[in-house]
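Here's query.tsv, which has TSV, C-alpha atoms:
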chain	number	residue	atom	x	y	z
C	1	MET	CA	12.56	-34.08	-18.12
C	2	GLN	CA	10.17	-32.76	-15.50
C	3	GLN	CA	12.03	-34.76	-12.87
C	4	ARG	CA	15.42	-33.45	-13.95
C	5	SER	CA	14.10	-29.90	-13.77
C	6	GLU	CA	12.85	-30.50	-10.21
C	7	GLU	CA	16.27	-31.89	-9.26
C	8	THR	CA	18.01	-28.84	-10.66
C	9	ARG	CA	15.64	-26.55	-8.79
C	10	SER	CA	16.29	-28.28	-5.48
C	11	LYS	CA	20.06	-28.38	-6.13
C	12	ILE	CA	19.96	-24.59	-6.60
C	13	MET	CA	17.91	-24.11	-3.44
C	14	ASP	CA	20.28	-26.25	-1.34
C	15	ALA	CA	23.26	-24.35	-2.72
C	16	ALA	CA	21.56	-21.03	-1.93
C	17	VAL	CA	20.97	-22.06	1.71
C	18	ARG	CA	24.68	-22.85	2.07
C	19	ARG	CA	25.86	-19.64	0.35
C	20	PHE	CA	23.44	-17.39	2.27
C	21	ALA	CA	24.55	-19.04	5.54
C	22	VAL	CA	28.22	-18.37	4.82
C	23	SER	CA	28.12	-14.97	3.11
C	24	GLY	CA	24.69	-13.55	3.90
C	25	PHE	CA	22.08	-12.43	1.39
C	26	ASP	CA	24.04	-9.43	0.15
C	27	GLY	CA	27.37	-11.25	0.14
C	28	ALA	CA	26.21	-14.30	-1.83
C	29	SER	CA	25.97	-13.63	-5.58
C	30	VAL	CA	23.97	-15.58	-8.15
C	31	ASP	CA	27.36	-16.64	-9.58
C	32	ASP	CA	28.39	-18.09	-6.21
C	33	ILE	CA	25.13	-20.02	-5.95
C	34	CYS	CA	25.50	-21.38	-9.51
C	35	THR	CA	29.10	-22.48	-8.86
C	36	GLU	CA	28.10	-24.17	-5.59
C	37	ALA	CA	25.15	-25.91	-7.30
C	38	GLY	CA	27.16	-26.79	-10.42
C	39	VAL	CA	24.56	-25.26	-12.74
C	40	SER	CA	24.66	-22.55	-15.41
C	41	LYS	CA	23.30	-19.04	-14.89
C	42	GLY	CA	20.74	-19.85	-17.58
C	43	ALA	CA	19.48	-22.77	-15.49
C	44	PHE	CA	19.30	-20.52	-12.42
C	45	TYR	CA	17.25	-17.84	-14.17
C	46	HIS	CA	15.03	-20.51	-15.72
C	47	HIS	CA	13.92	-21.38	-12.17
C	48	PHE	CA	14.25	-18.07	-10.34
C	49	PRO	CA	13.84	-14.58	-11.80
C	50	SER	CA	16.11	-13.07	-9.13
C	51	LYS	CA	18.17	-13.73	-6.01
C	52	GLN	CA	15.30	-12.31	-3.95
C	53	SER	CA	12.87	-14.81	-5.45
C	54	ILE	CA	14.97	-17.79	-4.33
C	55	PHE	CA	15.16	-16.21	-0.89
C	56	LEU	CA	11.36	-15.95	-0.79
C	57	ALA	CA	10.99	-19.53	-2.05
C	58	LEU	CA	13.24	-20.83	0.75
C	59	MET	CA	11.30	-18.86	3.37
C	60	GLN	CA	7.95	-20.01	2.08
C	61	GLY	CA	9.14	-23.61	1.82
C	62	TRP	CA	10.24	-23.60	5.45
C	63	LEU	CA	7.07	-21.95	6.74
C	64	GLY	CA	5.02	-24.29	4.54
C	65	LEU	CA	6.63	-27.33	6.19
C	66	ILE	CA	5.76	-25.97	9.63
C	67	ASP	CA	2.22	-25.33	8.46
C	68	VAL	CA	1.80	-28.89	7.14
C	69	GLY	CA	3.27	-30.27	10.37
C	70	LEU	CA	0.92	-28.22	12.54
C	71	GLY	CA	-2.09	-29.06	10.35
C	72	ALA	CA	-1.43	-32.79	10.81
C	73	VAL	CA	-1.75	-32.61	14.61
C	74	HIS	CA	-5.16	-33.74	15.83
C	75	LYS	CA	-5.90	-34.74	19.40
C	76	ASP	CA	-9.19	-35.19	21.23
C	77	THR	CA	-9.22	-31.73	22.82
C	78	VAL	CA	-7.77	-28.36	21.83
C	79	PRO	CA	-5.43	-28.10	24.86
C	80	GLU	CA	-4.02	-31.55	24.05
C	81	THR	CA	-3.58	-30.48	20.41
C	82	PHE	CA	-1.52	-27.43	21.44
C	83	ILE	CA	0.69	-29.47	23.75
C	84	GLU	CA	1.17	-32.10	21.00
C	85	MET	CA	2.22	-29.32	18.58
C	86	THR	CA	5.24	-28.54	20.75
C	87	ASN	CA	6.61	-31.96	19.75
C	88	LEU	CA	7.32	-30.39	16.34
C	89	LEU	CA	9.69	-27.90	17.95
C	90	PRO	CA	12.92	-29.93	17.70
C	91	GLN	CA	12.52	-29.89	13.90
C	92	VAL	CA	11.71	-26.16	13.87
C	93	PHE	CA	14.78	-25.38	16.01
C	94	ALA	CA	17.00	-27.56	13.81
C	95	ALA	CA	15.77	-25.93	10.60
C	96	ALA	CA	15.98	-22.42	12.06
C	97	GLU	CA	19.55	-22.92	13.26
C	98	ASP	CA	20.99	-23.09	9.75
C	99	ARG	CA	18.73	-20.40	8.39
C	100	LEU	CA	18.51	-17.82	11.13
C	101	PRO	CA	21.06	-15.39	9.67
C	102	MET	CA	19.14	-15.59	6.41
C	103	PHE	CA	15.82	-14.94	8.12
C	104	LEU	CA	17.22	-12.03	10.07
C	105	GLU	CA	18.33	-10.50	6.79
C	106	PHE	CA	14.93	-11.26	5.41
C	107	TRP	CA	13.23	-9.42	8.28
C	108	LEU	CA	15.71	-6.61	7.81
C	109	GLN	CA	14.77	-6.33	4.15
C	110	ALA	CA	11.11	-6.62	5.10
C	111	SER	CA	11.50	-3.54	7.28
C	112	ARG	CA	12.76	-1.65	4.21
C	113	ASP	CA	11.07	-3.25	1.19
C	114	LYS	CA	7.31	-3.55	0.77
C	115	THR	CA	7.46	-6.68	-1.47
C	116	VAL	CA	9.52	-8.63	1.03
C	117	TRP	CA	7.36	-7.31	3.84
C	118	LYS	CA	4.20	-8.65	2.23
C	119	ALA	CA	5.85	-12.03	1.67
C	120	ILE	CA	6.92	-12.34	5.30
C	121	ILE	CA	3.76	-10.96	6.93
C	122	ALA	CA	1.30	-13.20	5.07
C	123	PRO	CA	2.48	-16.50	6.63
C	124	TYR	CA	2.69	-14.93	10.11
C	125	ARG	CA	-0.86	-13.69	9.81
C	126	HIS	CA	-1.85	-17.13	8.54
C	127	PHE	CA	-0.32	-18.82	11.63
C	128	THR	CA	-2.09	-16.33	13.87
C	129	GLU	CA	-5.41	-17.03	12.14
C	130	SER	CA	-4.96	-20.82	12.46
C	131	PHE	CA	-4.19	-20.57	16.18
C	132	THR	CA	-7.06	-18.10	16.67
C	133	LYS	CA	-9.44	-20.58	15.04
C	134	LEU	CA	-8.13	-23.41	17.19
C	135	ILE	CA	-8.64	-21.32	20.35
C	136	ALA	CA	-12.17	-20.50	19.22
C	137	ASP	CA	-12.78	-24.25	18.68
C	138	GLY	CA	-11.54	-24.88	22.23
C	139	ILE	CA	-13.92	-22.27	23.63
C	140	ALA	CA	-16.77	-23.83	21.62
C	141	GLU	CA	-15.97	-27.37	22.82
C	142	GLY	CA	-15.83	-26.07	26.39
C	143	SER	CA	-12.19	-26.93	27.09
C	144	LEU	CA	-10.96	-23.31	27.09
C	145	LYS	CA	-12.09	-20.22	28.97
C	146	PRO	CA	-14.03	-17.64	26.95
C	147	VAL	CA	-10.97	-15.47	26.25
C	148	ASP	CA	-10.43	-13.15	23.27
C	149	SER	CA	-9.39	-15.86	20.78
C	150	GLN	CA	-7.40	-13.47	18.59
C	151	VAL	CA	-5.32	-12.21	21.50
C	152	ALA	CA	-4.68	-15.82	22.57
C	153	GLY	CA	-3.67	-16.74	18.99
C	154	GLN	CA	-1.26	-13.79	18.84
C	155	THR	CA	0.13	-14.76	22.23
C	156	ILE	CA	0.99	-18.24	20.97
C	157	VAL	CA	2.65	-16.92	17.80
C	158	SER	CA	4.63	-14.32	19.80
C	159	LEU	CA	5.80	-16.93	22.26
C	160	ALA	CA	6.85	-19.24	19.40
C	161	VAL	CA	8.72	-16.47	17.55
C	162	GLY	CA	10.52	-15.42	20.74
C	163	LEU	CA	11.43	-19.01	21.63
C	164	VAL	CA	12.84	-19.80	18.19
C	165	LEU	CA	14.83	-16.56	18.08
C	166	GLN	CA	16.29	-17.07	21.56
C	167	GLY	CA	16.78	-20.80	21.06
C	168	VAL	CA	18.85	-20.23	17.94
C	169	LEU	CA	20.82	-17.22	19.20
C	170	ASP	CA	21.52	-18.70	22.62
C	171	PRO	CA	21.39	-22.49	22.17
C	172	HIS	CA	23.17	-23.20	25.48
C	173	GLY	CA	21.18	-20.62	27.50
C	174	ALA	CA	18.48	-23.20	28.24
C	175	ASN	CA	17.07	-26.56	27.23
C	176	TRP	CA	14.84	-24.82	24.71
C	177	GLU	CA	12.74	-27.83	23.72
C	178	LYS	CA	11.87	-28.45	27.37
C	179	THR	CA	11.30	-24.70	27.89
C	180	ALA	CA	9.03	-24.53	24.85
C	181	ARG	CA	6.95	-27.48	26.00
C	182	GLU	CA	6.60	-26.15	29.55
C	183	SER	CA	5.91	-22.58	28.33
C	184	MET	CA	3.01	-23.93	26.33
C	185	GLY	CA	1.88	-25.78	29.45
C	186	ILE	CA	1.83	-22.54	31.48
C	187	LEU	CA	-0.10	-20.81	28.71
C	188	MET	CA	-2.59	-23.67	28.51
C	189	ASN	CA	-3.02	-23.53	32.31
C	190	GLY	CA	-4.03	-19.89	31.81
C	191	LEU	CA	-6.46	-20.78	29.03
C	192	GLU	CA	-7.99	-24.07	30.15
C	193	LYS	CA	-11.33	-24.23	31.88
C	194	ASN	CA	-11.57	-26.21	35.11
C	195	LYS	CA	-7.92	-25.58	35.93
C	196	GLY	CA	-7.61	-24.56	39.55
C	197	ASP	CA	-4.63	-24.92	41.88
C	198	GLN	CA	-2.17	-27.67	41.30
I	1	MET	CA	34.34	20.90	29.39
I	2	GLN	CA	32.90	17.63	30.72
I	3	GLN	CA	29.41	18.84	29.79
I	4	ARG	CA	30.44	19.73	26.25
I	5	SER	CA	32.01	16.31	25.81
I	6	GLU	CA	28.77	14.66	26.95
I	7	GLU	CA	26.83	16.81	24.46
I	8	THR	CA	29.13	15.78	21.62
I	9	ARG	CA	28.80	12.14	22.57
I	10	SER	CA	25.00	12.27	22.55
I	11	LYS	CA	24.99	14.27	19.27
I	12	ILE	CA	27.07	11.49	17.69
I	13	MET	CA	24.76	8.80	19.06
I	14	ASP	CA	21.61	10.57	17.76
I	15	ALA	CA	23.22	10.98	14.35
I	16	ALA	CA	24.21	7.29	14.32
I	17	VAL	CA	20.62	6.21	15.05
I	18	ARG	CA	19.41	8.27	12.08
I	19	ARG	CA	22.15	7.06	9.70
I	20	PHE	CA	21.77	3.39	10.70
I	21	ALA	CA	17.98	3.67	10.21
I	22	VAL	CA	18.40	5.07	6.70
I	23	SER	CA	21.40	3.13	5.40
I	24	GLY	CA	21.79	0.17	7.75
I	25	PHE	CA	24.87	-0.70	9.75
I	26	ASP	CA	27.00	-1.66	6.77
I	27	GLY	CA	25.74	1.21	4.61
I	28	ALA	CA	26.36	4.00	7.14
I	29	SER	CA	30.00	5.05	7.33
I	30	VAL	CA	31.74	6.86	10.19
I	31	ASP	CA	32.07	9.79	7.74
I	32	ASP	CA	28.28	9.85	7.25
I	33	ILE	CA	27.69	9.84	10.99
I	34	CYS	CA	30.23	12.66	11.53
I	35	THR	CA	28.64	14.78	8.78
I	36	GLU	CA	25.16	14.19	10.20
I	37	ALA	CA	26.35	15.07	13.72
I	38	GLY	CA	28.46	18.02	12.56
I	39	VAL	CA	31.57	16.75	14.34
I	40	SER	CA	35.09	15.86	13.22
I	41	LYS	CA	36.33	12.31	12.81
I	42	GLY	CA	38.75	13.05	15.63
I	43	ALA	CA	35.82	13.86	17.94
I	44	PHE	CA	34.09	10.63	16.87
I	45	TYR	CA	37.09	8.43	17.63
I	46	HIS	CA	37.66	10.27	20.91
I	47	HIS	CA	34.28	8.88	22.03
I	48	PHE	CA	34.02	5.61	20.12
I	49	PRO	CA	36.89	3.36	19.01
I	50	SER	CA	34.82	1.96	16.11
I	51	LYS	CA	31.47	1.95	14.35
I	52	GLN	CA	30.68	-1.32	16.11
I	53	SER	CA	31.29	0.26	19.51
I	54	ILE	CA	28.69	3.00	18.90
I	55	PHE	CA	26.28	0.30	17.77
I	56	LEU	CA	26.87	-1.60	21.03
I	57	ALA	CA	26.49	1.61	23.07
I	58	LEU	CA	23.10	2.32	21.44
I	59	MET	CA	21.92	-1.21	22.08
I	60	GLN	CA	23.06	-1.20	25.69
I	61	GLY	CA	21.55	2.25	26.25
I	62	TRP	CA	18.16	1.08	25.01
I	63	LEU	CA	18.20	-2.16	27.00
I	64	GLY	CA	19.45	-0.21	30.03
I	65	LEU	CA	16.43	2.11	29.86
I	66	ILE	CA	14.08	-0.89	29.78
I	67	ASP	CA	15.94	-2.37	32.73
I	68	VAL	CA	15.64	0.83	34.79
I	69	GLY	CA	11.95	1.08	33.87
I	70	LEU	CA	11.24	-2.52	34.90
I	71	GLY	CA	13.28	-2.16	38.09
I	72	ALA	CA	11.17	0.84	39.16
I	73	VAL	CA	7.90	-1.16	39.09
I	74	HIS	CA	6.83	-2.31	42.55
I	75	LYS	CA	3.32	-3.44	43.41
I	76	ASP	CA	1.98	-5.34	46.42
I	77	THR	CA	2.07	-8.76	44.75
I	78	VAL	CA	4.19	-10.33	42.04
I	79	PRO	CA	1.26	-10.89	39.61
I	80	GLU	CA	0.29	-7.21	39.97
I	81	THR	CA	3.92	-6.23	39.36
I	82	PHE	CA	4.03	-8.20	36.08
I	83	ILE	CA	0.77	-6.68	34.86
I	84	GLU	CA	2.01	-3.19	35.80
I	85	MET	CA	5.20	-3.81	33.79
I	86	THR	CA	3.17	-4.10	30.60
I	87	ASN	CA	2.38	-0.38	30.98
I	88	LEU	CA	5.99	0.22	29.90
I	89	LEU	CA	5.29	-1.44	26.55
I	90	PRO	CA	4.16	1.66	24.61
I	91	GLN	CA	7.61	3.16	25.20
I	92	VAL	CA	9.36	-0.07	24.26
I	93	PHE	CA	7.34	-0.32	21.04
I	94	ALA	CA	8.01	3.33	20.19
I	95	ALA	CA	11.75	2.99	20.77
I	96	ALA	CA	11.96	-0.32	18.90
I	97	GLU	CA	10.15	1.06	15.86
I	98	ASP	CA	12.99	3.40	14.91
I	99	ARG	CA	15.67	0.94	15.81
I	100	LEU	CA	14.39	-2.41	14.64
I	101	PRO	CA	16.36	-2.56	11.38
I	102	MET	CA	19.45	-1.76	13.41
I	103	PHE	CA	18.71	-4.47	15.96
I	104	LEU	CA	18.02	-7.02	13.26
I	105	GLU	CA	21.44	-6.27	11.81
I	106	PHE	CA	22.83	-6.53	15.28
I	107	TRP	CA	21.32	-9.99	15.77
I	108	LEU	CA	22.60	-10.91	12.33
I	109	GLN	CA	26.11	-9.88	13.30
I	110	ALA	CA	25.68	-11.66	16.63
I	111	SER	CA	24.99	-14.89	14.74
I	112	ARG	CA	28.36	-14.44	12.98
I	113	ASP	CA	30.60	-12.55	15.42
I	114	LYS	CA	31.41	-13.76	18.94
I	115	THR	CA	32.03	-10.24	20.38
I	116	VAL	CA	28.66	-8.94	19.24
I	117	TRP	CA	27.05	-12.17	20.37
I	118	LYS	CA	28.38	-11.76	23.91
I	119	ALA	CA	27.17	-8.15	24.01
I	120	ILE	CA	23.65	-9.09	22.95
I	121	ILE	CA	23.24	-12.27	25.01
I	122	ALA	CA	24.31	-10.75	28.35
I	123	PRO	CA	21.33	-8.35	28.67
I	124	TYR	CA	18.86	-11.05	27.52
I	125	ARG	CA	20.19	-13.43	30.13
I	126	HIS	CA	19.98	-10.59	32.66
I	127	PHE	CA	16.29	-9.98	31.83
I	128	THR	CA	15.61	-13.71	32.12
I	129	GLU	CA	17.34	-13.82	35.52
I	130	SER	CA	15.35	-10.80	36.81
I	131	PHE	CA	12.05	-12.34	35.74
I	132	THR	CA	13.08	-15.73	37.14
I	133	LYS	CA	13.83	-14.09	40.50
I	134	LEU	CA	10.49	-12.27	40.47
I	135	ILE	CA	8.65	-15.54	39.74
I	136	ALA	CA	10.54	-17.21	42.61
I	137	ASP	CA	9.48	-14.30	44.87
I	138	GLY	CA	5.87	-14.86	43.79
I	139	ILE	CA	6.10	-18.56	44.63
I	140	ALA	CA	7.63	-17.67	48.01
I	141	GLU	CA	4.93	-15.09	48.80
I	142	GLY	CA	2.27	-17.66	47.85
I	143	SER	CA	0.75	-15.73	44.94
I	144	LEU	CA	2.14	-18.03	42.22
I	145	LYS	CA	1.97	-21.78	41.70
I	146	PRO	CA	5.17	-23.74	42.41
I	147	VAL	CA	6.28	-23.78	38.76
I	148	ASP	CA	9.86	-24.03	37.45
I	149	SER	CA	10.74	-20.35	37.93
I	150	GLN	CA	13.43	-20.37	35.23
I	151	VAL	CA	11.08	-21.77	32.61
I	152	ALA	CA	8.48	-19.14	33.58
I	153	GLY	CA	11.11	-16.37	33.36
I	154	GLN	CA	12.18	-17.58	29.90
I	155	THR	CA	8.53	-17.74	28.85
I	156	ILE	CA	8.03	-14.08	29.74
I	157	VAL	CA	11.19	-12.96	27.90
I	158	SER	CA	10.24	-15.05	24.84
I	159	LEU	CA	6.75	-13.61	24.79
I	160	ALA	CA	8.14	-10.07	25.08
I	161	VAL	CA	10.72	-10.60	22.31
I	162	GLY	CA	8.06	-12.07	20.00
I	163	LEU	CA	5.58	-9.27	20.74
I	164	VAL	CA	8.11	-6.50	20.08
I	165	LEU	CA	9.29	-8.13	16.85
I	166	GLN	CA	5.76	-8.66	15.54
I	167	GLY	CA	4.53	-5.31	16.81
I	168	VAL	CA	7.24	-3.46	14.95
I	169	LEU	CA	7.14	-5.52	11.74
I	170	ASP	CA	3.35	-5.61	11.53
I	171	PRO	CA	2.13	-2.49	13.38
I	172	HIS	CA	-1.37	-2.66	11.89
I	173	GLY	CA	-1.76	-6.44	12.35
I	174	ALA	CA	-3.14	-5.93	15.85
I	175	ASN	CA	-3.48	-3.46	18.70
I	176	TRP	CA	-0.15	-4.64	20.09
I	177	GLU	CA	-0.27	-2.75	23.38
I	178	LYS	CA	-3.65	-4.30	24.18
I	179	THR	CA	-2.42	-7.70	22.95
I	180	ALA	CA	0.69	-7.44	25.11
I	181	ARG	CA	-1.32	-6.56	28.23
I	182	GLU	CA	-3.84	-9.34	27.68
I	183	SER	CA	-1.11	-11.88	26.78
I	184	MET	CA	0.51	-11.17	30.12
I	185	GLY	CA	-2.92	-11.60	31.74
I	186	ILE	CA	-3.30	-15.08	30.17
I	187	LEU	CA	0.20	-16.03	31.30
I	188	MET	CA	-0.51	-14.77	34.85
I	189	ASN	CA	-3.75	-16.79	34.88
I	190	GLY	CA	-1.59	-19.83	34.17
I	191	LEU	CA	0.85	-18.93	36.94
I	192	GLU	CA	-1.34	-17.52	39.71
I	193	LYS	CA	-2.45	-19.61	42.63
I	194	ASN	CA	-6.14	-19.63	43.51
I	195	LYS	CA	-7.14	-18.93	39.92
I	196	GLY	CA	-9.95	-21.23	38.90
I	197	ASP	CA	-12.58	-20.67	36.27
I	198	GLN	CA	-13.57	-17.19	35.34
Re-express the file's structure as structure tokens.
Amino acid sequence: MQQRSEETRSKIMDAAVRRFAVSGFDGASVDDICTEAGVSKGAFYHHFPSKQSIFLALMQGWLGLIDVGLGAVHKDTVPETFIEMTNLLPQVFAAAEDRLPMFLEFWLQASRDKTVWKAIIAPYRHFTESFTKLIADGIAEGSLKPVDSQVAGQTIVSLAVGLVLQGVLDPHGANWEKTARESMGILMNGLEKNKGDQ
Amino acid sequence: MQQRSEETRSKIMDAAVRRFAVSGFDGASVDDICTEAGVSKGAFYHHFPSKQSIFLALMQGWLGLIDVGLGAVHKDTVPETFIEMTNLLPQVFAAAEDRLPMFLEFWLQASRDKTVWKAIIAPYRHFTESFTKLIADGIAEGSLKPVDSQVAGQTIVSLAVGLVLQGVLDPHGANWEKTARESMGILMNGLEKNKGDQ
């Protein structure tokens, strides 16, 4: 019974991704999502109190996957860890491609609605804190220069946000995976100790 | 007569910024904008063939201002020029704050509509090309390492896009002007020749 409930929940979420992608958040109704998923409205509301809540669940699920992926990366030094993390980017780009219109609408709502805003800002701040901690670890282990670790953490998040946004909006404007990897390399050159001329 | 026409045009554009900020692109009608501006619908359509065209004009006007500002920055070396450019950021943040919801809707439409997409991608590619050229100049003058200038140009645009987006969505999450200046400093450390330990 538990398993069937989980299946229904994920069927609804998959259907919501498809409907939001085609019609946008405002354009896709709960009815549309139920029809696409082949479930009743009762089943929908059993799992999600509102259309906004499924939107938030999708967002958090996606950011959670990135978080788990990043957390699993461990290399000998902090600079190597950051470079290794860029290997996750193909998956991030692929996931963002389908969902970008939805996330743009989410950001749009965040700029107007305090509840959505809180839901979107928390994971961003969490990413910034994780990267800040990693930079601080690098300074402590002696691999990174004694920079302001918070600024460096924010720099990495900003670069990642900008790369994903550009990569999805302008997929043929560059080889974004290569650009992302080399961008991180330039940043690490600026942060690493004992890095002189090349 | 010419002057009065210019005044009407800019009155309509100011009114559109206010209406889009309050109601969003879809929510603000041409009627709303005309009422806010105190002009007739005839006057509106004399200046703008559609609501989308005024949206594009606002976008291009804003990006044009940034472009003029960046183009006016000239320092002795390329790294100094990039650092000096970050002094323009307070204006960019201030202008983006009012307009972010509008731009998010613009990006959203760009992800669905080829005409809007072309209008938004052209200036981004132009910024990337300008920065790429400046990096190439820095390599030629010997102040920057012989990096892939296009990757470095894309890195700078990505960082800027990410900083503006985060700065506007989470204004109290950081001192974004300071973060932007220091981020550029880290990036320049990674790019500059003759930069060893600090």
So that I can check the surroundings of Ile66 in chain C, please list as a short mmCIF file (atom, residue, chain, number, x, y, z; two decimals) with C-alpha atoms, in the coordinates of the input every protein, DNA and RNA residue that reaches within 12 Å of it, counting only C-alpha atoms and ignoring chain neighbours fewer than 3 positions away.
data_model
loop_
_atom_site.label_atom_id
_atom_site.label_comp_id
_atom_site.auth_asym_id
_atom_site.auth_seq_id
_atom_site.Cartn_x
_atom_site.Cartn_y
_atom_site.Cartn_z
CA MET C 59 11.30 -18.86 3.37
CA GLN C 60 7.95 -20.01 2.08
CA GLY C 61 9.14 -23.61 1.82
CA TRP C 62 10.24 -23.60 5.45
CA LEU C 63 7.07 -21.95 6.74
CA GLY C 69 3.27 -30.27 10.37
CA LEU C 70 0.92 -28.22 12.54
CA GLY C 71 -2.09 -29.06 10.35
CA ALA C 72 -1.43 -32.79 10.81
CA VAL C 73 -1.75 -32.61 14.61
CA MET C 85 2.22 -29.32 18.58
CA THR C 86 5.24 -28.54 20.75
CA ASN C 87 6.61 -31.96 19.75
CA LEU C 88 7.32 -30.39 16.34
CA LEU C 89 9.69 -27.90 17.95
CA PRO C 90 12.92 -29.93 17.70
CA GLN C 91 12.52 -29.89 13.90
CA VAL C 92 11.71 -26.16 13.87
CA PHE C 93 14.78 -25.38 16.01
CA ALA C 95 15.77 -25.93 10.60
CA ALA C 96 15.98 -22.42 12.06
CA PRO C 123 2.48 -16.50 6.63
CA TYR C 124 2.69 -14.93 10.11
CA HIS C 126 -1.85 -17.13 8.54
CA PHE C 127 -0.32 -18.82 11.63
CA ALA C 160 6.85 -19.24 19.40
#
For the contact check between chain C and chain I, emit one row per residue of chain C within 8 Å, containing the shortest atom pair and the distance in Å rounded to one decimal, counting all atoms listed in the file, chain then rising number order, as JSON lines.
{"residue": "C:Leu100", "atom": "CA", "partner": "I:Ser111", "partner_atom": "CA", "distance": 8.0}
{"residue": "C:Pro101", "atom": "CA", "partner": "I:Leu108", "partner_atom": "CA", "distance": 5.4}
{"residue": "C:Leu104", "atom": "CA", "partner": "I:Leu108", "partner_atom": "CA", "distance": 5.9}
{"residue": "C:Glu105", "atom": "CA", "partner": "I:Leu108", "partner_atom": "CA", "distance": 7.0}
{"residue": "C:Trp107", "atom": "CA", "partner": "I:Leu104", "partner_atom": "CA", "distance": 7.3}
{"residue": "C:Leu108", "atom": "CA", "partner": "I:Pro101", "partner_atom": "CA", "distance": 5.4}
{"residue": "C:Ala110", "atom": "CA", "partner": "I:Leu169", "partner_atom": "CA", "distance": 7.8}
{"residue": "C:Ser111", "atom": "CA", "partner": "I:Pro101", "partner_atom": "CA", "distance": 6.4}
{"residue": "C:Ile121", "atom": "CA", "partner": "I:Asp170", "partner_atom": "CA", "distance": 7.1}
{"residue": "C:Arg125", "atom": "CA", "partner": "I:Gly173", "partner_atom": "CA", "distance": 7.7}
{"residue": "C:Lys145", "atom": "CA", "partner": "I:Gln198", "partner_atom": "CA", "distance": 7.2}
{"residue": "C:Val151", "atom": "CA", "partner": "I:Thr179", "partner_atom": "CA", "distance": 5.6}
{"residue": "C:Ala152", "atom": "CA", "partner": "I:Ser183", "partner_atom": "CA", "distance": 6.8}
{"residue": "C:Gln154", "atom": "CA", "partner": "I:Thr179", "partner_atom": "CA", "distance": 7.4}
{"residue": "C:Thr155", "atom": "CA", "partner": "I:Ser183", "partner_atom": "CA", "distance": 5.5}
{"residue": "C:Val157", "atom": "CA", "partner": "I:Gly162", "partner_atom": "CA", "distance": 7.6}
{"residue": "C:Ser158", "atom": "CA", "partner": "I:Gly162", "partner_atom": "CA", "distance": 4.1}
{"residue": "C:Leu159", "atom": "CA", "partner": "I:Leu159", "partner_atom": "CA", "distance": 4.3}
{"residue": "C:Ala160", "atom": "CA", "partner": "I:Gly162", "partner_atom": "CA", "distance": 7.3}
{"residue": "C:Val161", "atom": "CA", "partner": "I:Gly162", "partner_atom": "CA", "distance": 5.1}
{"residue": "C:Gly162", "atom": "CA", "partner": "I:Ser158", "partner_atom": "CA", "distance": 4.1}
{"residue": "C:Leu163", "atom": "CA", "partner": "I:Ser158", "partner_atom": "CA", "distance": 5.2}
{"residue": "C:Gln166", "atom": "CA", "partner": "I:Ser158", "partner_atom": "CA", "distance": 7.2}
{"residue": "C:Leu169", "atom": "CA", "partner": "I:Ser111", "partner_atom": "CA", "distance": 6.5}
{"residue": "C:Asp170", "atom": "CA", "partner": "I:Ile121", "partner_atom": "CA", "distance": 7.1}
{"residue": "C:Gly173", "atom": "CA", "partner": "I:Arg125", "partner_atom": "CA", "distance": 7.7}
{"residue": "C:Thr179", "atom": "CA", "partner": "I:Val151", "partner_atom": "CA", "distance": 5.6}
{"residue": "C:Ala180", "atom": "CA", "partner": "I:Thr155", "partner_atom": "CA", "distance": 7.9}
{"residue": "C:Glu182", "atom": "CA", "partner": "I:Val151", "partner_atom": "CA", "distance": 7.0}
{"residue": "C:Ser183", "atom": "CA", "partner": "I:Thr155", "partner_atom": "CA", "distance": 5.5}
{"residue": "C:Ile186", "atom": "CA", "partner": "I:Gly190", "partner_atom": "CA", "distance": 5.1}
{"residue": "C:Leu187", "atom": "CA", "partner": "I:Leu187", "partner_atom": "CA", "distance": 5.4}
{"residue": "C:Met188", "atom": "CA", "partner": "I:Gly190", "partner_atom": "CA", "distance": 6.9}
{"residue": "C:Asn189", "atom": "CA", "partner": "I:Gly190", "partner_atom": "CA", "distance": 4.4}
{"residue": "C:Gly190", "atom": "CA", "partner": "I:Gly190", "partner_atom": "CA", "distance": 3.4}
{"residue": "C:Leu191", "atom": "CA", "partner": "I:Ile186", "partner_atom": "CA", "distance": 6.6}
{"residue": "C:Lys193", "atom": "CA", "partner": "I:Asp197", "partner_atom": "CA", "distance": 5.8}
{"residue": "C:Asn194", "atom": "CA", "partner": "I:Asp197", "partner_atom": "CA", "distance": 5.7}
{"residue": "C:Lys195", "atom": "CA", "partner": "I:Gly196", "partner_atom": "CA", "distance": 5.6}
{"residue": "C:Gly196", "atom": "CA", "partner": "I:Gly196", "partner_atom": "CA", "distance": 4.1}
{"residue": "C:Asp197", "atom": "CA", "partner": "I:Asn194", "partner_atom": "CA", "distance": 5.7}
{"residue": "C:Gln198", "atom": "CA", "partner": "I:Lys145", "partner_atom": "CA", "distance": 7.2}
#### Entry: Interatomic distance, CA of Glu177 in chain C to CA of Pro79 in chain C (Å, one decimal)
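Those two atoms sit 18.2 Å apart.
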### Task
Quick one: pull the distance between CA of Ile135 in chain C and CA of Ala122 in chain C, Å, one decimal.
20.0 Å
### Task
One decimal, Å: what's the distance from CA of Glu36 in chain I over to CA of Ala15 in chain I, could you say?
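Between these atoms lies a distance of 5.6 Å.
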Can you tell me which residues surround Thr77 in chain I at a distance of at most 10 Å, considering all atoms listed in the file, apart from same-chain residues fewer than 2 positions away, and format the answer as a compact mmCIF listing (two decimals) with C-alpha atoms, in the frame of the given file?
# COMPACT_ATOMS: atom_id res chain seq x y z
CA HIS I 74 6.83 -2.31 42.55
CA LYS I 75 3.32 -3.44 43.41
CA PRO I 79 1.26 -10.89 39.61
CA GLU I 80 0.29 -7.21 39.97
CA THR I 81 3.92 -6.23 39.36
CA PHE I 82 4.03 -8.20 36.08
CA ASP I 137 9.48 -14.30 44.87
CA GLY I 138 5.87 -14.86 43.79
CA GLU I 141 4.93 -15.09 48.80
CA GLY I 142 2.27 -17.66 47.85
CA SER I 143 0.75 -15.73 44.94
CA LEU I 144 2.14 -18.03 42.22
